[in-house]
file start.txt (compact mmCIF, C-alpha atoms)
# COMPACT_ATOMS: atom_id res chain seq x y z
CA MET A 83 38.97 -4.06 -56.70
CA THR A 84 35.65 -3.01 -55.29
CA GLU A 85 32.49 -2.46 -57.30
CA THR A 86 32.57 1.19 -56.29
CA LEU A 87 36.01 1.61 -57.82
CA ARG A 88 34.95 -0.18 -61.00
CA ASN A 89 31.87 2.04 -61.18
CA SER A 90 34.02 5.16 -60.80
CA LEU A 91 36.45 3.87 -63.40
CA SER A 92 33.60 3.25 -65.84
CA ALA A 93 32.41 6.82 -65.33
CA MET A 94 35.95 8.14 -65.72
CA LEU A 95 36.21 6.28 -69.02
CA ASP A 96 33.19 8.27 -70.21
CA GLN A 97 34.59 11.51 -68.76
CA GLU A 98 31.69 11.59 -66.33
CA ALA A 99 33.57 10.98 -63.08
CA SER A 100 33.90 13.71 -60.51
CA GLU A 101 37.24 15.27 -59.70
CA PHE A 102 37.38 13.35 -56.44
CA GLU A 103 36.65 10.05 -58.19
CA THR A 104 39.29 10.76 -60.83
CA ARG A 105 41.88 11.48 -58.17
CA ARG A 106 40.95 8.36 -56.25
CA ILE A 107 41.19 6.16 -59.35
CA ILE A 108 44.61 7.53 -60.28
CA ASP A 109 45.83 6.95 -56.74
CA SER A 110 44.38 3.44 -56.61
CA VAL A 111 45.92 2.33 -59.92
CA LYS A 112 49.34 2.38 -58.29
CA THR A 113 48.39 -0.24 -55.72
CA GLN A 114 45.70 -2.13 -57.66
CA PRO A 115 46.95 -3.20 -61.11
CA GLU A 116 43.64 -4.92 -61.80
CA LEU A 117 42.09 -1.46 -62.16
CA LYS A 118 44.33 -0.85 -65.15
CA GLU A 119 43.24 -4.20 -66.58
CA TYR A 120 39.59 -3.34 -66.09
CA TRP A 121 40.22 0.00 -67.80
CA ALA A 122 41.82 -1.81 -70.76
CA SER A 123 38.90 -4.24 -70.95
CA CYS A 124 36.38 -1.40 -71.10
CA GLN A 125 38.44 0.21 -73.86
CA LEU A 126 38.40 -3.08 -75.74
CA ILE A 127 34.59 -3.12 -75.70
CA LYS A 128 34.57 0.44 -76.95
CA SER A 129 37.02 -0.40 -79.77
CA ALA A 130 34.98 -3.44 -80.80
CA LEU A 131 31.79 -1.38 -80.99
CA GLN A 132 33.40 1.45 -82.96
CA GLY A 133 35.31 -0.81 -85.34
CA GLU A 134 38.73 0.38 -84.21
CA PRO A 135 41.71 -1.96 -84.64
CA LEU A 136 42.46 -4.16 -81.65
CA VAL A 137 45.93 -3.24 -80.52
CA PRO A 138 48.03 -6.11 -79.14
CA GLY A 139 48.37 -6.05 -75.39
CA ASP A 140 52.15 -5.86 -75.57
CA LEU A 141 52.16 -2.32 -76.99
CA LEU A 142 52.01 -0.83 -73.51
CA ALA A 143 54.85 -3.10 -72.43
CA ARG A 144 56.91 -2.02 -75.45
CA VAL A 145 56.32 1.65 -74.69
CA ASN A 146 57.26 1.19 -71.05
CA GLN A 147 60.28 -0.88 -71.98
CA GLU A 148 61.57 1.88 -74.22
CA LEU A 149 60.91 4.54 -71.62
CA ASP A 150 62.51 2.42 -68.89
CA GLY A 151 65.51 1.76 -71.07
CA GLU A 152 65.81 5.44 -71.71
CA ALA A 153 65.73 6.18 -67.99
CA SER A 154 68.34 3.53 -67.21
CA VAL A 155 70.67 4.96 -69.85
CA ASP A 156 70.38 8.37 -68.26
CA VAL A 157 71.57 7.18 -64.86
CA ALA A 158 74.20 4.69 -66.04
CA PRO A 159 77.64 5.96 -64.99
CA ALA A 160 79.35 4.22 -67.90
CA GLU A 161 77.11 6.06 -70.34
CA CYS A 162 77.79 9.33 -68.63
CA GLU A 163 81.53 8.79 -68.89
CA SER A 164 81.28 8.03 -72.56
CA LYS A 165 79.29 11.15 -73.36
CA PRO A 166 81.12 13.28 -75.91
CA GLN A 167 80.74 16.43 -73.84
CA VAL A 168 82.97 15.05 -71.10
CA THR A 169 85.89 14.41 -73.42
CA PHE A 170 85.22 17.39 -75.65
CA LEU A 171 85.23 20.17 -73.13
CA PRO A 172 88.85 19.77 -71.90
CA ALA A 173 90.04 19.77 -75.50
CA ARG A 174 88.55 23.18 -76.16
CA GLU A 175 91.66 25.40 -75.86
CA PRO A 176 90.19 28.48 -77.58
CA LEU A 177 87.80 29.02 -74.70
CA PRO A 178 90.42 29.86 -72.02
CA SER A 179 92.59 31.86 -74.43
CA ARG A 180 89.67 34.00 -75.54
CA PHE A 181 88.62 34.38 -71.94
CA GLY A 182 92.13 35.55 -71.12
CA ALA A 183 92.15 38.09 -73.93
CA VAL A 184 88.85 39.52 -72.82
CA THR A 185 90.04 39.60 -69.23
CA GLY A 186 93.19 41.46 -70.30
CA GLN A 187 91.19 44.04 -72.18
CA LEU A 188 88.92 44.53 -69.21
CA ALA A 189 91.93 44.90 -66.93
CA LEU A 190 93.43 47.50 -69.26
CA ALA A 191 90.18 49.44 -69.36
CA ALA A 192 89.87 49.24 -65.59
CA SER A 193 93.43 50.49 -65.11
CA VAL A 194 92.80 53.44 -67.41
CA ALA A 195 89.61 54.27 -65.54
CA PHE A 196 91.47 53.98 -62.25
CA ALA A 197 94.18 56.31 -63.53
CA VAL A 198 91.57 58.87 -64.52
CA VAL A 199 89.92 58.68 -61.13
CA VAL A 200 93.26 59.04 -59.38
CA GLY A 201 94.06 61.95 -61.63
CA VAL A 202 90.88 63.68 -60.60
CA LYS A 203 91.23 62.89 -56.89
CA VAL A 204 94.93 63.60 -56.47
CA VAL A 205 96.04 66.05 -59.11
CA ALA A 206 92.98 68.25 -59.18
CA PRO A 207 92.82 69.05 -55.46
CA LEU A 208 96.46 70.09 -55.52
CA GLU A 209 95.88 72.41 -58.40
CA MET A 210 92.62 73.60 -56.90
CA ALA A 211 94.13 74.24 -53.49
CA ALA A 212 96.95 76.35 -54.84
CA PRO A 213 94.81 79.06 -56.38
CA ILE A 214 92.62 79.19 -53.29
CA ALA A 215 95.64 79.47 -51.03
CA ASP A 216 97.26 82.05 -53.22
CA VAL A 217 94.11 83.96 -53.85
CA SER A 218 95.67 87.13 -52.55
CA SER A 219 98.43 86.79 -55.09
CA GLU A 220 96.10 86.04 -57.95
CA SER A 221 95.99 88.55 -60.71
CA LEU A 222 93.60 91.38 -59.99
CA GLU A 223 92.19 91.08 -63.42
CA MET A 224 90.37 87.95 -62.50
CA ILE A 225 89.02 89.42 -59.29
CA GLN A 226 88.11 92.75 -60.74
CA PHE A 227 86.42 91.01 -63.57
CA GLN A 228 83.92 89.56 -61.17
CA LEU A 229 83.66 92.36 -58.68
CA PRO A 230 81.32 94.63 -60.66
CA VAL A 231 78.84 91.82 -60.83
CA GLN A 232 78.89 91.38 -57.10
CA LYS A 233 78.68 95.12 -56.56
CA GLU A 234 75.66 95.38 -58.69
CA THR A 235 73.98 92.73 -56.64
CA VAL A 236 74.88 94.45 -53.42
CA SER A 237 73.80 97.86 -54.65
CA VAL A 238 70.40 96.48 -55.36
CA GLN A 239 70.19 95.46 -51.73
CA GLY A 240 71.14 99.00 -50.78
CA VAL A 241 73.04 97.99 -47.62
CA GLN A 242 76.52 99.34 -47.14
CA SER A 243 77.63 96.75 -44.60
CA THR A 244 76.70 94.01 -46.96
CA GLU A 245 78.89 95.57 -49.57
CA SER A 246 81.84 95.45 -47.25
CA VAL A 247 81.20 91.81 -46.50
CA VAL A 248 80.99 91.10 -50.14
CA ASN A 249 84.18 92.99 -50.71
CA ASN A 250 85.91 90.74 -48.18
CA GLU A 251 84.48 87.45 -49.36
CA THR A 252 84.07 87.97 -53.05
CA PRO A 253 87.71 87.51 -54.05
CA GLN A 254 87.85 84.00 -52.56
CA ALA A 255 84.50 82.98 -53.94
CA THR A 256 85.31 84.34 -57.35
CA ALA A 257 88.69 82.70 -57.33
CA ARG A 258 87.12 79.36 -56.35
CA LEU A 259 84.67 79.59 -59.25
CA LEU A 260 87.38 80.38 -61.71
CA THR A 261 89.71 77.63 -60.54
CA GLU A 262 86.91 75.06 -60.68
CA GLN A 263 86.33 75.95 -64.29
CA ASP A 264 90.00 75.68 -64.96
CA MET A 265 90.11 72.38 -63.16
CA LYS A 266 87.23 71.05 -65.26
CA GLN A 267 88.99 72.11 -68.41
CA MET A 268 92.21 70.53 -67.22
CA VAL A 269 90.46 67.27 -66.28
CA SER A 270 88.64 67.28 -69.57
CA GLN A 271 91.87 67.66 -71.48
CA ARG A 272 93.62 64.97 -69.48
CA LEU A 273 90.68 62.62 -69.70
CA GLY A 274 90.55 63.19 -73.43
CA SER A 275 94.23 62.34 -73.75
CA TYR A 276 93.75 59.22 -71.61
CA LEU A 277 90.84 58.08 -73.72
CA LEU A 278 92.70 58.77 -76.94
CA ARG A 279 95.64 56.73 -75.67
CA HIS A 280 93.27 53.99 -74.55
CA ALA A 281 91.57 53.99 -77.94
CA GLU A 282 94.93 53.64 -79.66
CA ASN A 283 95.86 50.70 -77.45
CA THR A 284 92.55 48.91 -77.82
CA ALA A 285 92.59 49.44 -81.57
CA VAL A 286 95.67 47.25 -81.64
CA VAL A 287 94.06 44.61 -79.39
CA GLY A 288 90.72 44.03 -81.04
CA ASN A 289 87.18 45.12 -81.77
CA SER A 290 86.62 46.58 -78.35
CA SER A 291 88.29 49.77 -79.54
CA VAL A 292 85.12 50.84 -81.27
CA LEU A 293 83.35 51.94 -78.12
CA PRO A 294 86.10 54.03 -76.51
CA LEU A 295 86.94 55.58 -79.88
CA ALA A 296 83.33 56.53 -80.33
CA ARG A 297 83.33 58.06 -76.88
CA VAL A 298 86.45 60.05 -77.68
CA MET A 299 85.12 61.25 -80.99
CA GLY A 300 81.91 62.31 -79.32
CA ARG A 301 83.64 64.41 -76.68
CA ASP A 302 83.70 67.79 -78.43
CA GLU A 303 82.55 69.60 -75.33
CA PRO A 304 84.44 69.64 -72.04
CA ILE A 305 82.99 67.85 -69.05
CA GLU A 306 80.48 69.97 -67.18
CA MET B 162 21.94 26.06 -62.01
CA ALA B 163 22.66 25.92 -65.72
CA ASN B 164 26.25 25.33 -66.68
CA PRO B 165 27.42 27.04 -69.90
CA VAL B 166 29.88 24.19 -70.50
CA THR B 167 28.46 20.73 -70.97
CA PRO B 168 29.51 18.17 -68.34
CA MET B 169 31.13 16.01 -70.99
CA GLN B 170 33.44 18.78 -72.15
CA THR B 171 34.32 19.76 -68.62
CA ASN B 172 34.97 16.26 -67.38
CA GLU B 173 36.83 15.19 -70.50
CA ALA B 174 39.29 17.98 -69.98
CA ASP B 175 39.48 17.32 -66.24
CA SER B 176 39.94 13.58 -66.62
CA ASP B 177 42.70 13.72 -69.22
CA HIS B 178 44.38 16.74 -67.70
CA ALA B 179 44.41 15.05 -64.33
CA LEU B 180 46.13 12.05 -65.89
CA VAL B 181 48.56 14.30 -67.76
CA ASP B 182 49.39 16.22 -64.61
CA ARG B 183 50.17 13.00 -62.79
CA ALA B 184 52.21 11.67 -65.71
CA ARG B 185 54.23 14.89 -65.76
CA GLN B 186 55.10 14.25 -62.15
CA GLY B 187 56.52 10.88 -63.16
CA ASP B 188 53.43 8.75 -62.48
CA ARG B 189 53.81 6.15 -65.21
CA HIS B 190 50.57 4.42 -64.18
CA ALA B 191 48.68 7.56 -65.12
CA PHE B 192 50.42 7.60 -68.49
CA ASP B 193 49.56 3.91 -68.93
CA LEU B 194 45.87 4.79 -68.64
CA LEU B 195 46.30 7.40 -71.37
CA VAL B 196 48.04 4.85 -73.62
CA LEU B 197 45.30 2.28 -73.07
CA LYS B 198 42.63 4.89 -73.64
CA TYR B 199 43.87 6.20 -76.98
CA GLN B 200 45.89 3.38 -78.52
CA SER B 201 43.07 1.96 -80.66
CA ARG B 202 41.87 5.37 -81.73
CA LEU B 203 45.35 6.41 -82.81
CA ALA B 204 46.00 3.05 -84.46
CA LEU B 205 43.03 3.73 -86.72
CA VAL B 206 44.43 7.15 -87.64
CA ILE B 207 47.91 5.81 -88.32
CA SER B 208 46.63 2.84 -90.31
CA ARG B 209 45.02 5.29 -92.72
CA LEU B 210 48.42 6.89 -93.33
CA ILE B 211 50.60 3.77 -93.30
CA PRO B 212 49.59 0.69 -95.26
CA ASN B 213 51.84 -1.80 -93.48
CA SER B 214 50.16 -3.11 -90.31
CA GLY B 215 53.51 -3.97 -88.74
CA ASP B 216 54.71 -0.41 -89.19
CA VAL B 217 51.50 0.85 -87.61
CA LEU B 218 52.47 -0.65 -84.28
CA ASP B 219 55.99 0.78 -84.51
CA VAL B 220 54.68 4.25 -85.30
CA LEU B 221 52.11 3.93 -82.53
CA GLN B 222 54.84 3.03 -80.08
CA ASP B 223 57.00 5.95 -81.23
CA THR B 224 54.01 8.26 -80.89
CA PHE B 225 53.47 7.43 -77.24
CA VAL B 226 57.18 7.56 -76.44
CA LYS B 227 57.43 11.00 -78.05
CA ALA B 228 54.30 12.10 -76.25
CA TYR B 229 55.70 11.09 -72.89
CA ARG B 230 58.97 12.90 -73.59
CA SER B 231 57.05 16.02 -74.64
CA LEU B 232 54.43 16.06 -71.90
CA HIS B 233 55.98 19.22 -70.46
CA THR B 234 55.12 21.06 -73.70
CA PHE B 235 51.42 20.25 -73.45
CA ARG B 236 49.87 23.47 -72.18
CA GLY B 237 46.30 22.21 -71.96
CA ASP B 238 44.89 24.80 -74.34
CA SER B 239 43.47 22.03 -76.50
CA ALA B 240 42.19 18.56 -75.71
CA PHE B 241 44.90 16.03 -74.95
CA TYR B 242 43.75 13.80 -77.80
CA THR B 243 44.12 16.68 -80.27
CA TRP B 244 47.71 17.15 -79.14
CA LEU B 245 48.32 13.40 -79.31
CA TYR B 246 46.73 13.23 -82.76
CA ARG B 247 49.19 15.78 -84.13
CA ILE B 248 52.14 13.81 -82.79
CA ALA B 249 50.79 10.62 -84.36
CA VAL B 250 50.26 12.24 -87.77
CA ASN B 251 53.72 13.84 -87.76
CA THR B 252 55.35 10.59 -86.68
CA ALA B 253 53.53 8.69 -89.41
CA LYS B 254 54.54 11.24 -92.06
CA ASN B 255 58.16 11.13 -90.96
CA HIS B 256 58.03 7.36 -91.03
CA MET B 257 56.65 7.32 -94.55
CA ALA B 258 59.26 9.83 -95.72
CA ALA B 259 62.01 7.67 -94.27
CA ARG B 260 60.52 4.61 -95.95
CA GLN B 261 60.41 6.35 -99.31
CA LYS B 262 64.01 7.46 -98.91
CA GLU B 263 65.02 3.89 -98.08
CA ALA B 264 63.16 2.65 -101.13
CA LYS B 265 65.10 5.07 -103.34
CA ASP B 266 68.42 4.14 -101.81
CA VAL B 267 67.90 0.37 -101.88
CA SER B 268 69.79 -1.56 -104.55
CA VAL B 269 68.64 -4.61 -106.49
CA ASP B 270 70.58 -6.93 -104.18
CA ASP B 271 68.92 -5.43 -101.16
CA ASP B 272 65.45 -6.13 -102.46
CA ALA B 273 65.53 -9.65 -101.04
CA LEU B 274 66.43 -8.34 -97.59
CA ASP B 275 63.65 -5.78 -97.77
CA THR B 276 61.16 -8.47 -98.77
CA ASP B 277 62.18 -10.55 -95.77
CA ARG B 278 61.69 -7.56 -93.54
CA VAL B 279 58.21 -6.84 -94.87
CA SER B 280 57.21 -10.46 -94.39
CA GLY B 281 58.51 -10.21 -90.82
CA PHE B 282 56.30 -7.21 -90.16
CA GLN B 283 53.38 -9.04 -91.67
CA ASP B 284 53.88 -11.85 -89.19
CA LEU B 285 52.74 -9.45 -86.49
CA GLY B 286 49.37 -9.40 -88.20
CA SER B 287 49.28 -13.03 -89.17
CA PRO B 288 46.06 -14.66 -90.38
CA ASP B 289 45.75 -16.42 -87.03
CA GLY B 290 45.95 -13.11 -85.23
CA GLU B 291 43.47 -11.46 -87.57
CA ALA B 292 41.04 -14.36 -87.13
CA SER B 293 41.24 -14.16 -83.35
CA ALA B 294 40.68 -10.40 -83.46
CA GLU B 295 37.63 -10.84 -85.63
CA GLU B 296 36.45 -13.65 -83.40
CA LEU B 297 36.93 -11.54 -80.33
CA GLN B 298 35.09 -8.62 -81.85
CA SER B 299 32.22 -10.87 -82.85
CA ALA B 300 32.02 -12.32 -79.37
CA ILE B 301 31.96 -8.87 -77.81
CA LEU B 302 29.15 -7.75 -80.11
CA SER B 303 27.23 -10.95 -79.33
CA ALA B 304 27.63 -10.36 -75.61
CA ILE B 305 26.31 -6.84 -76.02
CA ASP B 306 23.34 -8.10 -77.98
CA ALA B 307 22.59 -10.52 -75.17
CA LEU B 308 22.38 -7.71 -72.59
CA PRO B 309 19.03 -6.60 -71.18
CA GLU B 310 17.45 -3.89 -73.31
CA ASP B 311 18.01 -1.00 -70.87
CA LEU B 312 21.69 -1.87 -70.38
CA ARG B 313 22.34 -2.39 -74.10
CA GLN B 314 20.60 0.83 -75.06
CA ALA B 315 22.53 2.86 -72.49
CA LEU B 316 25.86 1.34 -73.57
CA THR B 317 25.29 1.78 -77.30
CA LEU B 318 24.06 5.35 -76.89
CA ARG B 319 27.24 6.08 -75.06
CA GLU B 320 29.77 4.17 -77.20
CA LEU B 321 28.24 4.46 -80.66
CA GLU B 322 26.40 7.77 -80.47
CA GLY B 323 28.84 9.43 -78.09
CA LEU B 324 26.09 10.94 -75.96
CA SER B 325 26.79 12.25 -72.49
CA TYR B 326 25.11 10.76 -69.44
CA GLU B 327 22.82 13.78 -69.30
CA GLU B 328 21.78 13.32 -72.92
CA ILE B 329 21.24 9.59 -72.43
CA ALA B 330 19.14 10.30 -69.36
CA ALA B 331 16.99 12.66 -71.40
CA THR B 332 16.67 10.09 -74.16
CA MET B 333 15.84 7.19 -71.85
CA LYS B 334 13.81 9.36 -69.49
CA CYS B 335 15.63 8.26 -66.36
CA PRO B 336 17.99 9.87 -63.81
CA ILE B 337 21.65 10.36 -64.67
CA GLY B 338 22.64 8.06 -61.80
CA THR B 339 20.61 5.28 -63.39
CA VAL B 340 22.35 5.81 -66.72
CA ARG B 341 25.72 5.63 -65.03
CA SER B 342 24.75 2.43 -63.23
CA ARG B 343 23.36 0.82 -66.40
CA ILE B 344 26.47 1.55 -68.42
CA PHE B 345 28.68 0.19 -65.66
CA ARG B 346 26.64 -2.99 -65.31
CA ALA B 347 26.59 -3.50 -69.08
CA ARG B 348 30.38 -3.32 -69.25
CA ASP B 349 30.76 -5.56 -66.23
CA GLN B 350 28.57 -8.28 -67.75
CA VAL B 351 30.32 -8.17 -71.16
CA ILE B 352 33.73 -8.43 -69.51
CA GLN B 353 32.63 -11.42 -67.46
CA GLU B 354 31.19 -13.13 -70.55
CA ILE B 355 34.27 -12.58 -72.72
CA SER B 356 36.63 -13.55 -69.91
CA SER B 357 34.87 -16.91 -69.66
CA GLN B 358 34.98 -17.47 -73.44
CA PHE B 359 38.54 -16.21 -73.99
CA PRO B 360 40.56 -16.72 -70.85
CA GLY B 361 43.45 -14.31 -70.85
CA THR B 362 42.00 -12.16 -73.62
CA PHE B 363 41.26 -9.34 -71.27
CA LEU B 364 44.08 -8.23 -69.11
CA SER B 365 42.27 -9.49 -66.03

call {"tool": "encode", "arguments": {"input": "start.txt", "output": "structure tokens"}}
result
Amino acid sequence: MTETLRNSLSAMLDQEASEFETRRIIDSVKTQPELKEYWASCQLIKSALQGEPLVPGDLLARVNQELDGEASVDVAPAECESKPQVTFLPAREPLPSRFGAVTGQLALAASVAFAVVVGVKVVAPLEMAAPIADVSSESLEMIQFQLPVQKETVSVQGVQSTESVVNNETPQATARLLTEQDMKQMVSQRLGSYLLRHAENTAVVGNSSVLPLARVMGRDEPIE
Amino acid sequence: MANPVTPMQTNEADSDHALVDRARQGDRHAFDLLVLKYQSRLALVISRLIPNSGDVLDVLQDTFVKAYRSLHTFRGDSAFYTWLYRIAVNTAKNHMAARQKEAKDVSVDDDALDTDRVSGFQDLGSPDGEASAEELQSAILSAIDALPEDLRQALTLRELEGLSYEEIAATMKCPIGTVRSRIFRARDQVIQEISSQFPGTFLS
């Protein structure tokens, strides 16, 4: 223990050491235990002057012993094996059963959602394709219902050729618009029935029925 | 360049926080320095709350163990001693509450056992021990009195008045480096004197 280190330690005791000195002291204490003893001796002088009680030297040893004992308990395999968590967790049957119930509900909801998607992807195109394919055989009422609108638009343009083009293309376009609306209504009705059925099923299973039921009750308007 | 924060405040925070930072990283030597630094100060606080001197040491030990376990919660907003002080007071209060509960629960037959236990705690502060502490304190004060005037004045201004090196330098009209050197030499001479009178008293 050099005089320089003791001098730095004395200054550190008075909170007057520089950051570098503080770092050097802390590093040196690991390899020079006598620095810790010198530190304790300086504190003893301070305590004697200020009338503080003189603490027995074994207090630090007692603190370290308790902390060391605590650390050794943490790493002891026998202690780890005897921890209640290890024996308690396998005995907890409700956890897997509840997990299974939740998983089943999620699977049911996923299957319903999948059915709806399939219904939209498979059923709707078939029903949509038929009116488009049979547009010539569609009732004239539907076509004529839209034609005046298109004619008005064309007449504003004032071009005869355009009118003829519109006359050729308007029936298909009008039919496509009408069938899309019908398709949306059909999907809305089917989706509503699916959700109602799903709500009835989940009401039997548990609390999760609240959300789908709320969704069903809130669907007064068809899907846009 | 004037510093808005006094050197003492800055360095106090830096010194303790540096030790705390190291202790948080698992450096037990750094925590040892904190224990040695504050053990007497906290013992005085606890002794005012707990009458039994044997219990004071137990509470002091619990305080430092709790502090080490809770070092990660120290954010550094306040001084480390302030944080440590709160732990000591809470530990002492809990200890006293537990003692009072034990006193209510104890039966007449258990009184003898409790008396034995109290006498056992008192053995930690036996008359021999108290005499040696008083003797040691007297010897330390005598060694300080025997110091040269400049060393004694610098040491007492620091330890009794709590002045910073800058303030001591202004009082003694000398450079700060001289103050630092005088305080160091004063401590060094007292330690050498006491070590010769009481071998093994100091840790060295």

call {"tool": "closest_residue", "arguments": {"input": "start.txt", "among": "B:Arg230, B:Lys198, B:Arg319, B:Lys262", "to": "A:Glu119", "atoms": "all atoms listed in the file"}}
result
B:Lys198

call {"tool": "interface_residues", "arguments": {"input": "start.txt", "of": "chain A", "to": "chain B", "cutoff": "6 Å", "atoms": "only C-alpha atoms", "output": "VMD selection string"}}
result
chain A and resid 89 92 97 to 98 119 122 to 123 130 134 to 135 137 145

call {"tool": "write_last_selection", "arguments": {"input": "start.txt", "atoms": "C-alpha atoms", "output": "CSV table (one decimal), in the frame of the given file"}}
result
chain,number,residue,atom,x,y,z
A,89,ASN,CA,31.9,2.0,-61.2
A,92,SER,CA,33.6,3.2,-65.8
A,97,GLN,CA,34.6,11.5,-68.8
A,98,GLU,CA,31.7,11.6,-66.3
A,119,GLU,CA,43.2,-4.2,-66.6
A,122,ALA,CA,41.8,-1.8,-70.8
A,123,SER,CA,38.9,-4.2,-71.0
A,130,ALA,CA,35.0,-3.4,-80.8
A,134,GLU,CA,38.7,0.4,-84.2
A,135,PRO,CA,41.7,-2.0,-84.6
A,137,VAL,CA,45.9,-3.2,-80.5
A,145,VAL,CA,56.3,1.6,-74.7

call {"tool": "atom_distance", "arguments": {"input": "start.txt", "atom1": "atom CA of A:Asp140", "atom2": "atom CA of B:Ala253"}}
result
20.1 Å

call {"tool": "atom_distance", "arguments": {"input": "start.txt", "atom1": "atom CA of A:Lys112", "atom2": "atom CA of B:Tyr242"}}
result
23.3 Å

call {"tool": "atom_distance", "arguments": {"input": "start.txt", "atom1": "atom CA of A:Glu116", "atom2": "atom CA of A:Ala143"}}
result
15.6 Å

call {"tool": "residues_around", "arguments": {"input": "start.txt", "residues": "stretch 105-111 of chain A", "least_positions_apart": "4", "cutoff": "7 Å", "atoms": "all atoms listed in the file", "output": "PyMOL selection string"}}
result
(chain A and resi 91+101+115+117-118) or (chain B and resi 190-191)

call {"tool": "closest_residue", "arguments": {"input": "start.txt", "among": "B:Ile337, B:Leu195, B:Leu312, B:Ile329", "to": "B:Leu245", "atoms": "all atoms listed in the file"}}
result
B:Leu195

call {"tool": "closest_residue", "arguments": {"input": "start.txt", "among": "A:Leu142, A:Leu273, A:Arg88, A:Gln267", "to": "A:Ala195", "atoms": "all atoms listed in the file"}}
result
A:Leu273
